[in-house]
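K.L.:
Next comes the structure file work.pdb, holding PDB, C-alpha atoms and all ligand atoms.
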```
ATOM      1  CA  MET A   1      12.740  10.909 -29.680
ATOM      2  CA  PHE A   2      13.729  14.596 -29.491
ATOM      3  CA  LYS A   3      10.253  15.449 -28.194
ATOM      4  CA  LYS A   4      10.595  12.880 -25.387
ATOM      5  CA  LEU A   5      14.084  14.104 -24.551
ATOM      6  CA  PHE A   6      12.877  17.713 -24.494
ATOM      7  CA  ILE A   7       9.938  16.841 -22.200
ATOM      8  CA  GLY A   8      12.315  14.849 -19.974
ATOM      9  CA  ILE A   9      14.678  17.801 -19.627
ATOM     10  CA  ILE A  10      11.801  20.184 -18.886
ATOM     11  CA  LEU A  11      10.380  17.842 -16.201
ATOM     12  CA  PHE A  12      13.862  17.465 -14.694
ATOM     13  CA  LEU A  13      14.175  21.222 -14.412
ATOM     14  CA  MET A  14      10.662  21.741 -13.030
ATOM     15  CA  PRO A  15      10.460  22.761  -9.400
ATOM     16  CA  THR A  16       8.876  20.311  -6.988
ATOM     17  CA  VAL A  17       6.518  21.751  -4.414
ATOM     18  CA  LEU A  18       8.358  21.207  -1.180
ATOM     19  CA  PHE A  19       8.555  22.765   2.198
ATOM     20  CA  ALA A  20      10.537  21.976   5.303
ATOM     21  CA  ALA A  21      10.522  23.650   8.686
ATOM     22  CA  VAL A  22      12.115  22.743  12.007
ATOM     23  CA  TYR A  23      10.094  23.426  15.144
ATOM     24  CA  GLN A  24      11.053  23.209  18.803
ATOM     25  CA  VAL A  25       8.704  20.838  20.635
ATOM     26  CA  LYS A  26       9.399  20.310  24.341
ATOM     27  CA  GLY A  27      13.081  21.044  23.779
ATOM     28  CA  LYS A  28      13.417  18.734  20.755
ATOM     29  CA  ASP A  29      13.821  19.804  17.159
ATOM     30  CA  VAL A  30      11.072  18.344  14.969
ATOM     31  CA  ALA A  31      11.150  18.701  11.186
ATOM     32  CA  ILE A  32       7.961  18.897   9.142
ATOM     33  CA  VAL A  33       8.344  18.274   5.426
ATOM     34  CA  ASN A  34       5.704  18.747   2.734
ATOM     35  CA  LEU A  35       6.044  17.063  -0.643
ATOM     36  CA  GLN A  36       3.662  16.870  -3.573
ATOM     37  CA  GLY A  37       3.152  13.896  -5.847
ATOM     38  CA  ARG A  38       2.695  13.975  -9.621
ATOM     39  CA  VAL A  39       0.374  11.085 -10.542
ATOM     40  CA  PHE A  40      -3.156  12.311 -11.399
ATOM     41  CA  MET A  41      -2.167  15.817 -10.253
ATOM     42  CA  ARG A  42      -2.541  18.733 -12.651
ATOM     43  CA  GLU A  43       0.665  20.546 -11.769
ATOM     44  CA  GLN A  44       3.757  19.666 -13.779
ATOM     45  CA  LEU A  45       6.314  19.192 -11.038
ATOM     46  CA  GLY A  46       9.760  17.750 -10.505
ATOM     47  CA  CYS A  47      10.467  14.422  -8.792
ATOM     48  CA  PRO A  48       9.325  14.258  -5.133
ATOM     49  CA  LEU A  49      11.809  11.442  -4.409
ATOM     50  CA  HIS A  50      14.768  13.586  -5.442
ATOM     51  CA  ALA A  51      13.248  16.532  -3.579
ATOM     52  CA  ALA A  52      13.092  14.343  -0.459
ATOM     53  CA  ASP A  53      16.797  13.535  -0.857
ATOM     54  CA  SER A  54      17.597  17.250  -1.007
ATOM     55  CA  ILE A  55      15.531  18.024   2.084
ATOM     56  CA  LEU A  56      17.039  15.156   4.087
ATOM     57  CA  ALA A  57      20.523  16.355   3.139
ATOM     58  CA  TYR A  58      19.536  19.810   4.442
ATOM     59  CA  LEU A  59      18.169  18.301   7.684
ATOM     60  CA  LYS A  60      21.195  16.072   8.303
ATOM     61  CA  GLY A  61      22.712  16.939  11.677
ATOM     62  CA  LYS A  62      19.741  19.178  12.578
ATOM     63  CA  THR A  63      17.291  16.523  13.794
ATOM     64  CA  ASN A  64      16.374  12.871  13.326
ATOM     65  CA  ILE A  65      12.688  13.458  14.208
ATOM     66  CA  ILE A  66      11.206  14.041  10.773
ATOM     67  CA  PHE A  67       7.575  13.888   9.616
ATOM     68  CA  VAL A  68       6.571  13.994   5.962
ATOM     69  CA  ASP A  69       3.158  15.128   4.704
ATOM     70  CA  TYR A  70       2.835  13.651   1.235
ATOM     71  CA  HIS A  71       0.168  15.509  -0.735
ATOM     72  CA  ALA A  72      -0.608  13.012  -3.472
ATOM     73  CA  GLU A  73      -3.488  11.226  -5.166
ATOM     74  CA  ALA A  74      -2.216   7.779  -6.168
ATOM     75  CA  THR A  75      -1.718   5.128  -3.491
ATOM     76  CA  SER A  76       1.090   3.605  -5.569
ATOM     77  CA  GLU A  77       2.989   6.886  -5.607
ATOM     78  CA  LYS A  78       2.534   7.236  -1.864
ATOM     79  CA  MET A  79       3.879   3.711  -1.297
ATOM     80  CA  ALA A  80       6.874   4.456  -3.529
ATOM     81  CA  LEU A  81       7.878   7.378  -1.316
ATOM     82  CA  VAL A  82       7.356   5.273   1.807
ATOM     83  CA  TYR A  83       9.768   2.565   0.658
ATOM     84  CA  TYR A  84      12.191   5.202  -0.618
ATOM     85  CA  LEU A  85      12.277   6.971   2.767
ATOM     86  CA  GLU A  86      11.783   3.968   5.093
ATOM     87  CA  GLY A  87      14.199   4.249   8.011
ATOM     88  CA  ARG A  88      15.183   7.808   7.038
ATOM     89  CA  VAL A  89      12.154   9.604   8.531
ATOM     90  CA  SER A  90       9.952   9.080  11.605
ATOM     91  CA  GLY A  91       6.624   9.160   9.829
ATOM     92  CA  ILE A  92       4.958   9.669   6.453
ATOM     93  CA  VAL A  93       1.301  10.663   6.298
ATOM     94  CA  GLY A  94      -0.648  11.035   3.087
ATOM     95  CA  THR A  95      -3.060  13.872   2.397
ATOM     96  CA  HIS A  96      -5.162  15.143  -0.525
ATOM     97  CA  THR A  97      -7.837  12.460  -0.978
ATOM     98  CA  HIS A  98      -9.732  13.604   2.163
ATOM     99  CA  ILE A  99     -10.756   9.961   2.724
ATOM    100  CA  GLN A 100      -8.991   8.329   5.665
ATOM    101  CA  THR A 101      -7.405   4.943   5.015
ATOM    102  CA  ALA A 102      -7.221   2.078   7.527
ATOM    103  CA  ASP A 103      -3.652   0.963   6.761
ATOM    104  CA  GLU A 104      -1.648   2.673   9.502
ATOM    105  CA  HIS A 105       1.412   0.672  10.536
ATOM    106  CA  ILE A 106       5.105   0.937  11.332
ATOM    107  CA  LEU A 107       7.541  -0.337   8.744
ATOM    108  CA  PRO A 108      10.421  -2.625   9.822
ATOM    109  CA  LYS A 109      12.963   0.208   9.739
ATOM    110  CA  GLY A 110      10.928   2.410  12.121
ATOM    111  CA  THR A 111       8.883   4.687   9.868
ATOM    112  CA  ALA A 112       5.189   5.144  10.722
ATOM    113  CA  TYR A 113       2.836   5.344   7.767
ATOM    114  CA  ILE A 114      -0.781   5.954   6.787
ATOM    115  CA  THR A 115      -1.842   6.397   3.146
ATOM    116  CA  ASP A 116      -4.274   9.216   3.928
ATOM    117  CA  LEU A 117      -5.097  11.025   7.145
ATOM    118  CA  GLY A 118      -8.583  12.024   6.048
ATOM    119  CA  MET A 119     -10.015  15.484   6.511
ATOM    120  CA  CYS A 120     -11.307  17.901   9.107
ATOM    121  CA  GLY A 121     -14.601  19.464   8.046
ATOM    122  CA  SER A 122     -18.287  18.985   7.462
ATOM    123  CA  LEU A 123     -19.107  15.259   7.616
ATOM    124  CA  ASN A 124     -22.055  15.247   5.201
ATOM    125  CA  SER A 125     -20.240  17.200   2.496
ATOM    126  CA  MET A 126     -18.364  16.256  -0.667
ATOM    127  CA  LEU A 127     -14.793  16.170   0.693
ATOM    128  CA  GLY A 128     -15.515  19.352   2.655
ATOM    129  CA  VAL A 129     -17.288  21.142  -0.184
ATOM    130  CA  GLN A 130     -21.063  21.716  -0.486
ATOM    131  CA  LYS A 131     -22.273  18.645  -2.369
ATOM    132  CA  GLU A 132     -24.986  20.257  -4.517
ATOM    133  CA  ALA A 133     -22.526  22.066  -6.798
ATOM    134  CA  ILE A 134     -20.295  18.997  -7.121
ATOM    135  CA  MET A 135     -23.300  16.819  -7.986
ATOM    136  CA  ASN A 136     -24.241  19.372 -10.636
ATOM    137  CA  HIS A 137     -20.735  19.144 -12.067
ATOM    138  CA  PHE A 138     -20.948  15.349 -12.349
ATOM    139  CA  LEU A 139     -24.351  15.609 -14.012
ATOM    140  CA  THR A 140     -23.465  18.348 -16.505
ATOM    141  CA  GLN A 141     -19.611  18.281 -16.760
ATOM    142  CA  LEU A 142     -19.755  22.081 -16.465
ATOM    143  CA  PRO A 143     -17.351  23.973 -14.216
ATOM    144  CA  VAL A 144     -18.849  24.933 -10.859
ATOM    145  CA  LYS A 145     -17.844  27.114  -7.955
ATOM    146  CA  PHE A 146     -16.642  25.194  -4.888
ATOM    147  CA  THR A 147     -18.057  26.452  -1.593
ATOM    148  CA  VAL A 148     -16.752  25.087   1.701
ATOM    149  CA  ASP A 149     -19.506  23.338   3.664
ATOM    150  CA  THR A 150     -19.691  24.640   7.236
ATOM    151  CA  ALA A 151     -22.725  22.637   8.383
ATOM    152  CA  PRO A 152     -22.502  20.231  11.337
ATOM    153  CA  PRO A 153     -21.817  17.423  12.146
ATOM    154  CA  PHE A 154     -18.049  17.736  11.779
ATOM    155  CA  VAL A 155     -15.321  15.149  11.403
ATOM    156  CA  LEU A 156     -11.790  15.494  12.753
ATOM    157  CA  ALA A 157      -9.402  12.963  11.249
ATOM    158  CA  GLY A 158      -5.675  12.368  11.638
ATOM    159  CA  ALA A 159      -3.131  10.149  13.334
ATOM    160  CA  TRP A 160      -1.106  10.132  16.531
ATOM    161  CA  ILE A 161       2.493   8.956  16.196
ATOM    162  CA  ASP A 162       4.810   8.156  19.119
ATOM    163  CA  VAL A 163       8.514   8.549  18.387
ATOM    164  CA  ASP A 164      11.657   7.495  20.254
ATOM    165  CA  THR A 165      13.330  10.915  20.377
ATOM    166  CA  ALA A 166      16.792   9.372  20.788
ATOM    167  CA  THR A 167      16.652   7.453  17.514
ATOM    168  CA  GLY A 168      13.864   9.198  15.557
ATOM    169  CA  ARG A 169      12.151   5.819  15.052
ATOM    170  CA  ALA A 170       8.389   5.578  15.384
ATOM    171  CA  VAL A 171       7.156   3.229  18.109
ATOM    172  CA  ALA A 172       3.381   3.583  17.650
ATOM    173  CA  ILE A 173       0.803   5.017  15.278
ATOM    174  CA  GLU A 174      -2.883   5.391  16.047
ATOM    175  CA  ARG A 175      -5.566   6.463  13.588
ATOM    176  CA  ILE A 176      -7.917   9.165  14.894
ATOM    177  CA  ARG A 177     -11.434   9.917  13.629
ATOM    178  CA  ILE A 178     -13.807  11.895  15.816
ATOM    179  CA  ILE A 179     -17.296  12.971  14.819
ATOM    180  CA  ASP A 180     -18.694  16.025  16.588
ATOM    181  CA  GLU A 181     -22.421  16.680  16.260
ATOM    182  CA  GLY A 182     -21.640  20.399  16.530
ATOM    183  CA  LYS A 183     -24.414  21.053  19.001
ATOM    184  CA  VAL A 184     -23.862  23.687  21.651
ATOM    185  CA  ALA A 185     -24.548  22.213  25.125
TER     186      ALA A 185
HETATM  187 FE    FE A 201      -5.113  18.493  -2.307
END
```
Let me see the file written as structure tokens.

P.N.:
Amino acid sequence: MFKKLFIGIILFLMPTVLFAAVYQVKGKDVAIVNLQGRVFMREQLGCPLHAADSILAYLKGKTNIIFVDYHAEATSEKMALVYYLEGRVSGIVGTHTHIQTADEHILPKGTAYITDLGMCGSLNSMLGVQKEAIMNHFLTQLPVKFTVDTAPPFVLAGAWIDVDTATGRAVAIERIRIIDEGKVA
């Protein structure tokens, strides 16, 4: 009982990784927010939902064009943030898994969403890292050094979101995945 209460207090006091910046884009203020999830993540962090509330309070009156990059592992945790912020931000895009999902859509209250954008990097790699060392890790369970794979072909993945700048509501979202053979013409 006391142990649970103590852990609860510690988690409540833990900082959540968050970042918000407002940029000028073609004369409009656009806010970019980064949040980090907690499920299956090693860091012991505070609640991203409460962190989002704090950031949105800070952004109130500054801009209604707001994009959230949610760096999280679990799809359930990503969905929880989406329904928590639906109608309060223009778009929420997931990152961290490096595998692009095919679930892009606009929620009824005008928030665009995709569970994971995917990655930009070497296509035939292990999430951007040279696969030999990772394979060795799975075979031996020993720690290995990660080396970024720079070999072609390359993949560029992401999403394009159109926003009504008057309301901040998303009107379209398109998934992007381009493979470049990396050959010089
Ligand atoms: Fe990550």

K.L.:
For Leu35 (chain A), which residue among A:Asn136, A:Thr95, A:Thr63, A:Ser125 is the nearest when counting only C-alpha atoms?

P.N.:
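Closest candidate: A:Thr95.
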
K.L.:
Show me which residues sit within 8 Å of ligand FE 201 (chain A) when counting all atoms listed in the file, and put them as a CSV table (one decimal) with C-alpha atoms, in the frame of the given file.

P.N.:
```csv
chain,number,residue,atom,x,y,z
A,71,HIS,CA,0.2,15.5,-0.7
A,72,ALA,CA,-0.6,13.0,-3.5
A,73,GLU,CA,-3.5,11.2,-5.2
A,95,THR,CA,-3.1,13.9,2.4
A,96,HIS,CA,-5.2,15.1,-0.5
A,97,THR,CA,-7.8,12.5,-1.0
```

K.L.:
Expand the PyMOL selection byres (((chain A and resi 107) around 9) and not hetatm) into the individual residues it matches in the shown file, reporting them as a list in words.

P.N.:
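Matching residues under the PyMOL selection byres (((chain A and resi 107) around 9) and not hetatm) are Val82, Tyr83, Glu86, Gly87, His105, Ile106, Pro108, Lys109, Gly110, Thr111, Ala112, Tyr113 and Ala170 of chain A.
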
K.L.:
Mind pulling up the distance from CA of Ile99 (chain A) to CA of Met79 (chain A)?

P.N.:
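Value for the CA of Met79 (chain A)-CA of Ile99 (chain A) distance: 16.4 Å.
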
K.L.:
Considering only C-alpha atoms, can you say which of A:Arg38, A:Lys28, A:Arg169, A:Arg175 comes closest to Ser76 (chain A)?

P.N.:
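Distance minimum relative to Ser76 (chain A) lands on A:Arg38.
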
K.L.:
Looking at A:Leu81, A:Pro152, A:Leu139, A:Ala157, which one is nearest to Asp116 (chain A), with distances taken over only C-alpha atoms?

P.N.:
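Nearest candidate to Asp116 (chain A) out of A:Leu81, A:Pro152, A:Leu139, A:Ala157: A:Ala157.
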
K.L.:
So that I can see what lies close to Thr150 (chain A), please list as a PyMOL selection string the residues with an atom at most 12 Å from it, counting all atoms listed in the file and leaving out residues fewer than 4 positions away in the same chain.

P.N.:
chain A and resi 120-131+154-155+182

K.L.:
Ranking A:Leu85, A:Ala133, A:Ala166, A:Leu117 by minimum distance to Phe146 (chain A) and counting all atoms listed in the file, which one comes first?

P.N.:
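Closest to Phe146 (chain A), using all atoms listed in the file: A:Ala133.
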
K.L.:
What does the distance from CA of Glu181 (chain A) to CA of Ala159 (chain A) come to in Å, to one decimal?

P.N.:
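Separation of CA of Glu181 (chain A) and CA of Ala159 (chain A): 20.6 Å.
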
K.L.:
Smallest atom-to-atom distance to Asn64 (chain A): which of A:Asp162, A:Glu174, A:Asp29, A:Asp180, using all atoms listed in the file?

P.N.:
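Smallest distance to Asn64 (chain A) is found for A:Asp29.
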
K.L.:
Can you work out the spacing between CA of Thr165 (chain A) and CA of Gln24 (chain A) in Å, to one decimal?

P.N.:
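Between CA of Thr165 (chain A) and CA of Gln24 (chain A) the gap works out to 12.6 Å.
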
K.L.:
Identify, on the basis of only C-alpha atoms, every residue whose closest approach to Val30 (chain A) does not exceed 12 Å; exclude the query and any residue fewer than 2 positions from it along the same chain; express the result as a list in words.

P.N.:
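Neighbouring residues, sequence-local ones excluded: Ala20, Ala21, Val22, Tyr23, Gln24, Val25, Lys26, Gly27, Lys28, Ile32, Val33, Leu59, Lys62, Thr63, Asn64, Ile65, Ile66, Phe67, Val68, Val89, Ser90, Gly91, Val163, Thr165 and Gly168 of chain A.
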
K.L.:
Return the single residue from A:Ile161, A:Ile179, A:Ala151, A:Met119 that is closest to Ile92 (chain A), with distances computed using all atoms listed in the file.

P.N.:
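Smallest separation from Ile92 (chain A) among the options: A:Ile161.
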
K.L.:
Apply the PyMOL selection byres (((chain A and resi 52) around 10) and not hetatm) to the displayed file and report the matching residues as number ranges by chain.

P.N.:
A: 16, 18-20, 33-35, 47-51, 53-58, 68, 81, 84-85

K.L.:
Only C-alpha atoms, please: the residues just picked out, written as a PDB file, keeping the file's coordinate frame.

P.N.:
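See out12.pdb below for the written result:
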```
ATOM      1  CA  THR A  16       8.876  20.311  -6.988  1.00  0.00           C
ATOM      2  CA  LEU A  18       8.358  21.207  -1.180  1.00  0.00           C
ATOM      3  CA  PHE A  19       8.555  22.765   2.198  1.00  0.00           C
ATOM      4  CA  ALA A  20      10.537  21.976   5.303  1.00  0.00           C
ATOM      5  CA  VAL A  33       8.344  18.274   5.426  1.00  0.00           C
ATOM      6  CA  ASN A  34       5.704  18.747   2.734  1.00  0.00           C
ATOM      7  CA  LEU A  35       6.044  17.063  -0.643  1.00  0.00           C
ATOM      8  CA  CYS A  47      10.467  14.422  -8.792  1.00  0.00           C
ATOM      9  CA  PRO A  48       9.325  14.258  -5.133  1.00  0.00           C
ATOM     10  CA  LEU A  49      11.809  11.442  -4.409  1.00  0.00           C
ATOM     11  CA  HIS A  50      14.768  13.586  -5.442  1.00  0.00           C
ATOM     12  CA  ALA A  51      13.248  16.532  -3.579  1.00  0.00           C
ATOM     13  CA  ASP A  53      16.797  13.535  -0.857  1.00  0.00           C
ATOM     14  CA  SER A  54      17.597  17.250  -1.007  1.00  0.00           C
ATOM     15  CA  ILE A  55      15.531  18.024   2.084  1.00  0.00           C
ATOM     16  CA  LEU A  56      17.039  15.156   4.087  1.00  0.00           C
ATOM     17  CA  ALA A  57      20.523  16.355   3.139  1.00  0.00           C
ATOM     18  CA  TYR A  58      19.536  19.810   4.442  1.00  0.00           C
ATOM     19  CA  VAL A  68       6.571  13.994   5.962  1.00  0.00           C
ATOM     20  CA  LEU A  81       7.878   7.378  -1.316  1.00  0.00           C
ATOM     21  CA  TYR A  84      12.191   5.202  -0.618  1.00  0.00           C
ATOM     22  CA  LEU A  85      12.277   6.971   2.767  1.00  0.00           C
TER      23      LEU A  85
END
```

K.L.:
Centre and edge lengths of an axis-aligned box around all listed atoms of region 68-82 of chain A, with 3 Å added on each side, are to be given in Å to one decimal, as AutoDock Vina command-line options.

P.N.:
```
--center_x 2.2 --center_y 9.6 --center_z -0.1 --size_x 17.4 --size_y 17.9 --size_z 18.1
```
